[in-house]
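Engineer: To start, I am sharing the structure in question, which I have written as structure tokens.
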Amino acid sequence: NRACMRFYGNEDVALYCANMQKNKAGLDKDDILKKLSNSTVVEHDHNIVNYNEAYSFINAECCQHLNRDLQKVKTNIPNRTWCMKMKELFSEYDHKRKILIDKKEDHFTEEEFNEFVSKINQYLLLGVEEYSNDSEVYYADKEAALLIRLMEYRDNYIYWTIDFNLPFTNNLSERALRGIKSKMKISGQFQNITNAEYYAVIRSYIETCYRNGVNGHEALVRLIDDNPYTLEEILKLGKEYLNM
């Protein structure tokens with residue numbers, strides 16, 4: 001029940017790792033996060049284990065997951081207003097950012113950014129007030145947890161407004177893991193952790209090739225011939241593919 005398949009990657013590289021537990025020991029076994037510098041940003045779905053003093057990278061939270069959590073509050077407690085105001089605010093600024101990116105801009109004005117942060121704080125205070133006035137209803141405990149999380153990790157949720165190179169969501173990771181989730185629904189499980197690790201390595205190789213325009217059949221033939229593409233080769237072929 002505690003075993004997991006993790007994805008590390010970006011538009012060019014996909015790395016899957018299988019672990020028996022969702023803890024720091026598993027992350028350190030993967031040997032990725034502890035090697036990242038303090039200028040690297042890792043976007044995730046509020047994985048608390050990533051907020052560890054042993055790591056130097058910057059944590060950024062996925063805002064699509066935040067939108068889903070805000071919607072759940074509204075669905076379960078219809079009279080709440082703060083959650084939808086917050087959701088609409090994030091969507092509004094995501095849209096504004098896309099317009100700025102299309103115009104080759106790379107940041108909000110100081111006034112726009114300050115207004116965004118001010119409204120977040122305003123809606124958080126509204127949320128606390130609404131919760132305090134009606135804290136006995138169903139789902140109020142989860143609402144309180146979300147409010148506390150937003151207060152504590154506010155800066156991690158708005159990092160995309162500071163660095164326009166960062167995505168609003170970590171949907172790239174979700175899409176990458178979707179195939180594995182489908183496989184699990186069909187087969188139910190991996191036979192053991194060793195087989196899961198084999199699967200992770202093979203999928204990492206094939207998917208990284210695919211992301212760089214490398215033919216999957218050719219990649220597998222080379223793998224069987226004990227001459228797999230190296231990462232350097234794959235990325236070089238990817239650049240050539242983009243320039244075609």
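For the structure tokens, the naming scheme is as follows: chains receive sequential letters (A, B, ...) according to their order of presentation, residues are indexed from 1 within each chain, and ligands are indexed from 1 in presentation order.
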Just list the residues in region 103-166 of chain A DSSP gives alpha helix (DSSP H) on the backbone, as an NGL selection string.

Structural biologist: :A and (110-133 or 140-152 or 154-157 or 159-162)

Engineer: Name the residues in contact with Ser37 (chain A) at a cut-off of 12 Å, using only C-alpha atoms, excluding same-chain residues fewer than 2 positions from it; report them as an mmCIF file with N, CA, C and O atoms, in the first residue's frame.

Structural biologist:
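Final file, result-v4.cif:
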data_model
loop_
_atom_site.group_PDB
_atom_site.id
_atom_site.type_symbol
_atom_site.label_atom_id
_atom_site.label_comp_id
_atom_site.auth_asym_id
_atom_site.auth_seq_id
_atom_site.Cartn_x
_atom_site.Cartn_y
_atom_site.Cartn_z
ATOM 1 N N ILE A 32 18.280 11.873 -6.901
ATOM 2 C CA ILE A 32 18.031 13.012 -7.787
ATOM 3 C C ILE A 32 17.958 14.313 -6.989
ATOM 4 O O ILE A 32 18.762 15.223 -7.189
ATOM 5 N N LEU A 33 17.008 14.384 -6.069
ATOM 6 C CA LEU A 33 16.731 15.646 -5.384
ATOM 7 C C LEU A 33 17.922 16.172 -4.583
ATOM 8 O O LEU A 33 18.161 17.384 -4.546
ATOM 9 N N LYS A 34 18.675 15.292 -3.957
ATOM 10 C CA LYS A 34 19.785 15.766 -3.128
ATOM 11 C C LYS A 34 20.932 16.330 -3.958
ATOM 12 O O LYS A 34 21.833 16.971 -3.408
ATOM 13 N N LYS A 35 20.885 16.126 -5.261
ATOM 14 C CA LYS A 35 21.940 16.646 -6.137
ATOM 15 C C LYS A 35 21.557 17.985 -6.768
ATOM 16 O O LYS A 35 22.377 18.594 -7.451
ATOM 17 N N SER A 39 19.281 26.801 -7.150
ATOM 18 C CA SER A 39 18.671 27.574 -8.224
ATOM 19 C C SER A 39 17.676 26.743 -9.032
ATOM 20 O O SER A 39 17.043 27.246 -9.957
ATOM 21 N N THR A 40 17.529 25.457 -8.663
ATOM 22 C CA THR A 40 16.601 24.558 -9.356
ATOM 23 C C THR A 40 15.251 24.571 -8.664
ATOM 24 O O THR A 40 15.177 24.528 -7.440
ATOM 25 N N VAL A 41 14.197 24.642 -9.456
ATOM 26 C CA VAL A 41 12.838 24.637 -8.912
ATOM 27 C C VAL A 41 12.185 23.296 -9.205
ATOM 28 O O VAL A 41 12.198 22.831 -10.341
ATOM 29 N N VAL A 42 11.644 22.675 -8.174
ATOM 30 C CA VAL A 42 10.937 21.404 -8.322
ATOM 31 C C VAL A 42 9.460 21.651 -8.050
ATOM 32 O O VAL A 42 9.088 22.072 -6.959
ATOM 33 N N ALA A 54 17.666 18.948 4.220
ATOM 34 C CA ALA A 54 18.783 18.277 3.552
ATOM 35 C C ALA A 54 18.835 18.617 2.062
ATOM 36 O O ALA A 54 19.844 18.375 1.399
ATOM 37 N N TYR A 55 17.733 19.176 1.527
ATOM 38 C CA TYR A 55 17.662 19.520 0.108
ATOM 39 C C TYR A 55 17.849 21.016 -0.083
ATOM 40 O O TYR A 55 17.424 21.821 0.741
ATOM 41 N N SER A 56 18.456 21.389 -1.209
ATOM 42 C CA SER A 56 18.746 22.801 -1.482
ATOM 43 C C SER A 56 17.814 23.437 -2.494
ATOM 44 O O SER A 56 17.758 24.658 -2.603
ATOM 45 N N PHE A 57 17.073 22.639 -3.259
ATOM 46 C CA PHE A 57 16.255 23.173 -4.339
ATOM 47 C C PHE A 57 15.072 23.987 -3.808
ATOM 48 O O PHE A 57 14.732 23.947 -2.629
ATOM 49 N N ILE A 58 14.429 24.707 -4.738
ATOM 50 C CA ILE A 58 13.260 25.528 -4.423
ATOM 51 C C ILE A 58 12.000 24.716 -4.693
ATOM 52 O O ILE A 58 11.875 24.087 -5.743
ATOM 53 N N ASN A 59 11.081 24.730 -3.761
ATOM 54 C CA ASN A 59 9.811 24.014 -3.939
ATOM 55 C C ASN A 59 8.755 24.938 -4.532
ATOM 56 O O ASN A 59 8.581 26.069 -4.077
#

Engineer: Env of Thr208 (chain A): 12 Å cut, atoms = only C-alpha atoms, seq-sep filter 6 positions within chain, self excluded. Answer as a list of chain:residue names.

Structural biologist: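 Those residues are A:Tyr8, A:Gly9, A:Asn10, A:Glu11, A:Asp12, A:Val13, A:Ala14, A:Leu15, A:Tyr16, A:Ala176, A:Ala200, A:Val201, A:Ile202, A:Val214, A:Asn215, A:Gly216, A:Ala219, A:Tyr229, A:Thr230, A:Leu231, A:Glu232, A:Glu233, A:Ile234, A:Leu235, A:Leu237, A:Gly238.
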
Engineer: Please produce a file of those selected residues containing N, CA, C and O atoms, as an mmCIF file, in the first residue's frame.

Structural biologist:
data_model
loop_
_atom_site.group_PDB
_atom_site.id
_atom_site.type_symbol
_atom_site.label_atom_id
_atom_site.label_comp_id
_atom_site.auth_asym_id
_atom_site.auth_seq_id
_atom_site.Cartn_x
_atom_site.Cartn_y
_atom_site.Cartn_z
ATOM 1 N N TYR A 8 10.442 11.958 -12.377
ATOM 2 C CA TYR A 8 11.274 13.159 -12.398
ATOM 3 C C TYR A 8 11.469 13.526 -13.867
ATOM 4 O O TYR A 8 11.771 12.645 -14.674
ATOM 5 N N GLY A 9 11.315 14.782 -14.223
ATOM 6 C CA GLY A 9 11.555 15.098 -15.622
ATOM 7 C C GLY A 9 11.088 16.464 -16.053
ATOM 8 O O GLY A 9 10.585 17.258 -15.265
ATOM 9 N N ASN A 10 11.258 16.702 -17.339
ATOM 10 C CA ASN A 10 10.789 17.924 -17.981
ATOM 11 C C ASN A 10 10.341 17.568 -19.398
ATOM 12 O O ASN A 10 10.050 16.400 -19.667
ATOM 13 N N GLU A 11 10.322 18.542 -20.294
ATOM 14 C CA GLU A 11 9.845 18.278 -21.655
ATOM 15 C C GLU A 11 10.775 17.349 -22.427
ATOM 16 O O GLU A 11 10.365 16.729 -23.410
ATOM 17 N N ASP A 12 12.039 17.236 -22.000
ATOM 18 C CA ASP A 12 13.029 16.463 -22.760
ATOM 19 C C ASP A 12 13.389 15.119 -22.133
ATOM 20 O O ASP A 12 13.723 14.174 -22.844
ATOM 21 N N VAL A 13 13.363 15.042 -20.828
ATOM 22 C CA VAL A 13 13.857 13.856 -20.128
ATOM 23 C C VAL A 13 12.792 13.298 -19.192
ATOM 24 O O VAL A 13 12.120 14.055 -18.484
ATOM 25 N N ALA A 14 12.631 11.979 -19.200
ATOM 26 C CA ALA A 14 11.681 11.305 -18.301
ATOM 27 C C ALA A 14 12.429 10.243 -17.506
ATOM 28 O O ALA A 14 13.109 9.393 -18.078
ATOM 29 N N LEU A 15 12.315 10.316 -16.203
ATOM 30 C CA LEU A 15 12.943 9.307 -15.347
ATOM 31 C C LEU A 15 11.904 8.800 -14.350
ATOM 32 O O LEU A 15 11.334 9.573 -13.582
ATOM 33 N N TYR A 16 11.666 7.498 -14.375
ATOM 34 C CA TYR A 16 10.746 6.847 -13.437
ATOM 35 C C TYR A 16 11.555 6.043 -12.433
ATOM 36 O O TYR A 16 12.553 5.406 -12.781
ATOM 37 N N ALA A 176 2.613 11.966 -17.443
ATOM 38 C CA ALA A 176 3.631 10.917 -17.491
ATOM 39 C C ALA A 176 3.220 9.699 -16.664
ATOM 40 O O ALA A 176 3.467 8.554 -17.047
ATOM 41 N N ALA A 200 10.321 0.641 -14.671
ATOM 42 C CA ALA A 200 10.670 2.061 -14.572
ATOM 43 C C ALA A 200 11.856 2.409 -15.465
ATOM 44 O O ALA A 200 11.858 3.435 -16.157
ATOM 45 N N VAL A 201 12.862 1.553 -15.466
ATOM 46 C CA VAL A 201 14.055 1.810 -16.276
ATOM 47 C C VAL A 201 13.721 1.770 -17.766
ATOM 48 O O VAL A 201 14.118 2.660 -18.536
ATOM 49 N N ILE A 202 12.992 0.746 -18.194
ATOM 50 C CA ILE A 202 12.641 0.605 -19.612
ATOM 51 C C ILE A 202 11.762 1.767 -20.067
ATOM 52 O O ILE A 202 11.968 2.345 -21.136
ATOM 53 N N VAL A 214 13.060 10.360 -31.238
ATOM 54 C CA VAL A 214 13.823 9.160 -31.579
ATOM 55 C C VAL A 214 12.857 7.992 -31.761
ATOM 56 O O VAL A 214 12.012 7.742 -30.895
ATOM 57 N N ASN A 215 12.987 7.274 -32.854
ATOM 58 C CA ASN A 215 12.094 6.165 -33.157
ATOM 59 C C ASN A 215 12.167 5.093 -32.078
ATOM 60 O O ASN A 215 13.247 4.610 -31.742
ATOM 61 N N GLY A 216 11.005 4.727 -31.539
ATOM 62 C CA GLY A 216 10.966 3.761 -30.442
ATOM 63 C C GLY A 216 11.467 2.387 -30.840
ATOM 64 O O GLY A 216 12.148 1.714 -30.059
ATOM 65 N N ALA A 219 15.169 2.448 -31.001
ATOM 66 C CA ALA A 219 15.714 2.524 -29.640
ATOM 67 C C ALA A 219 15.724 1.146 -28.984
ATOM 68 O O ALA A 219 16.684 0.768 -28.305
ATOM 69 N N TYR A 229 20.890 3.953 -26.793
ATOM 70 C CA TYR A 229 21.220 5.365 -26.921
ATOM 71 C C TYR A 229 21.631 5.905 -25.547
ATOM 72 O O TYR A 229 21.020 5.577 -24.537
ATOM 73 N N THR A 230 22.662 6.726 -25.538
ATOM 74 C CA THR A 230 22.992 7.431 -24.300
ATOM 75 C C THR A 230 22.109 8.673 -24.216
ATOM 76 O O THR A 230 21.521 9.106 -25.224
ATOM 77 N N LEU A 231 22.027 9.260 -23.038
ATOM 78 C CA LEU A 231 21.223 10.465 -22.876
ATOM 79 C C LEU A 231 21.760 11.579 -23.765
ATOM 80 O O LEU A 231 20.992 12.341 -24.360
ATOM 81 N N GLU A 232 23.078 11.674 -23.872
ATOM 82 C CA GLU A 232 23.689 12.706 -24.713
ATOM 83 C C GLU A 232 23.258 12.535 -26.165
ATOM 84 O O GLU A 232 22.937 13.512 -26.855
ATOM 85 N N GLU A 233 23.251 11.291 -26.641
ATOM 86 C CA GLU A 233 22.817 11.025 -28.015
ATOM 87 C C GLU A 233 21.356 11.401 -28.217
ATOM 88 O O GLU A 233 20.988 12.011 -29.226
ATOM 89 N N ILE A 234 20.536 11.025 -27.260
ATOM 90 C CA ILE A 234 19.099 11.292 -27.372
ATOM 91 C C ILE A 234 18.828 12.786 -27.443
ATOM 92 O O ILE A 234 18.065 13.257 -28.297
ATOM 93 N N LEU A 235 19.459 13.565 -26.558
ATOM 94 C CA LEU A 235 19.237 15.008 -26.533
ATOM 95 C C LEU A 235 19.780 15.675 -27.795
ATOM 96 O O LEU A 235 19.191 16.639 -28.302
ATOM 97 N N LEU A 237 19.961 14.218 -30.779
ATOM 98 C CA LEU A 237 18.993 13.891 -31.826
ATOM 99 C C LEU A 237 17.725 14.723 -31.675
ATOM 100 O O LEU A 237 17.084 15.095 -32.662
ATOM 101 N N GLY A 238 17.373 15.020 -30.425
ATOM 102 C CA GLY A 238 16.198 15.856 -30.176
ATOM 103 C C GLY A 238 16.374 17.253 -30.730
ATOM 104 O O GLY A 238 15.446 17.825 -31.315
#

Engineer: Which residues are close to region 155-170 of chain A, i.e. within 9 Å by only C-alpha atoms, leaving aside same-chain residues fewer than 6 positions away? Reply as a PyMOL selection string.

Structural biologist: chain A and resi 41+43-45+58-66+90+93-94+97+101+105-108+113+117

Engineer: Please compute the CA of His46 (chain A)-CA of Asn133 (chain A) distance, one decimal, in Å.

Structural biologist: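 Those two atoms sit 28.0 Å apart.
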
Engineer: Hey, what's within 12 Å of Met20 (chain A) if we count only C-alpha atoms and toss same-chain stuff fewer than 6 positions away? As a list in words, please?

Structural biologist: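 Skipping anything fewer than 6 positions along the chain leaves Asn1, Arg2, Ala3, Cys4, Met5, Arg6, Gly26, Leu27, Lys29, Asp30, Phe190, Asn192, Ile193, Thr194, Ala196 and Glu197 of chain A.
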
Engineer: Would you list, as a list in words, the residues of region 4-159 of chain A that end up in strand (DSSP E or B) under DSSP run on this structure's backbone?

Structural biologist: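 Listing strand (DSSP E or B) positions across region 4-159 of chain A yields Cys4, Met5, Arg6, Phe7, Tyr8, Gly9, Ala14, Leu15, Tyr16, Cys17, Ala18, Asn19, Val41, Val42, Glu43, His44, Ile58, Asn59, Ala60 and Glu61 of chain A.
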
Engineer: So, counting only C-alpha atoms, which residue among A:Asp134, A:Asp141, A:Ile206, A:Ser173 is closest to Val221 (chain A)?

Structural biologist: A:Ile206

Engineer: Name the residues in contact with Ser132 (chain A) at a cut-off of 12 Å, using only C-alpha atoms, excluding same-chain residues fewer than 5 positions from it; report them as a count of residues only.

Structural biologist: 10

Engineer: What is the CA of Leu70 (chain A)-CA of Lys87 (chain A) distance in Å, reported with one decimal?

Structural biologist: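 So the answer is 6.5 Å.
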
Engineer: Which value, in Å to one decimal, gives the distance between CA of Trp82 (chain A) and CA of Glu110 (chain A)?

Structural biologist: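 Computing the Euclidean distance for CA of Trp82 (chain A) and CA of Glu110 (chain A) yields 24.6 Å.
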
Engineer: May I ask which of the residues A:Gln122, A:Asn23, A:Asn114, A:Thr109 is the closest one to Cys83 (chain A), counting only C-alpha atoms?

Structural biologist: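 Closest residue, counting only C-alpha atoms: A:Gln122.
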
Engineer: Have a look at A:Leu89, A:Lys181, A:Glu174, A:Lys103 and name the one nearest to Glu115 (chain A); count only C-alpha atoms.

Structural biologist: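 Looking only at the distances to Glu115 (chain A), the closest residue turns out to be A:Leu89.
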
Engineer: Tell me, as a list of chain:residue names, which residues lie within 9 Å of Asn76 (chain A), counting only C-alpha atoms; anything in the same chain fewer than 5 positions away does not count.

Structural biologist: A:Gln71, A:Tyr138, A:Tyr139, A:Ala140

Engineer: Only N, CA, C and O atoms, please: the residues just picked out, written as an mmCIF file, in the first residue's frame.

Structural biologist:
data_model
loop_
_atom_site.group_PDB
_atom_site.id
_atom_site.type_symbol
_atom_site.label_atom_id
_atom_site.label_comp_id
_atom_site.auth_asym_id
_atom_site.auth_seq_id
_atom_site.Cartn_x
_atom_site.Cartn_y
_atom_site.Cartn_z
ATOM 1 N N GLN A 71 -12.233 23.885 -5.248
ATOM 2 C CA GLN A 71 -13.538 23.489 -5.778
ATOM 3 C C GLN A 71 -14.211 22.480 -4.845
ATOM 4 O O GLN A 71 -15.434 22.509 -4.666
ATOM 5 N N TYR A 138 -20.013 19.558 7.694
ATOM 6 C CA TYR A 138 -19.238 18.513 7.026
ATOM 7 C C TYR A 138 -18.182 19.145 6.125
ATOM 8 O O TYR A 138 -18.446 20.122 5.451
ATOM 9 N N TYR A 139 -16.997 18.601 6.140
ATOM 10 C CA TYR A 139 -15.843 19.001 5.316
ATOM 11 C C TYR A 139 -15.101 20.214 5.885
ATOM 12 O O TYR A 139 -14.080 20.634 5.343
ATOM 13 N N ALA A 140 -15.568 20.779 6.993
ATOM 14 C CA ALA A 140 -14.908 21.958 7.559
ATOM 15 C C ALA A 140 -13.485 21.648 8.010
ATOM 16 O O ALA A 140 -12.611 22.522 7.972
#

Engineer: Tell me which of A:Ala145, A:Met151, A:Leu124, A:Ile99 sits closest to Met86 (chain A), counting only C-alpha atoms.

Structural biologist: A:Leu124

Engineer: Identify which of the residues A:Lys142, A:Arg149, A:Arg203, A:Lys236 lies closest to Leu220 (chain A), counting only C-alpha atoms when measuring atom-to-atom distances.

Structural biologist: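 Checking each candidate against Leu220 (chain A), we get A:Arg203 as the closest.
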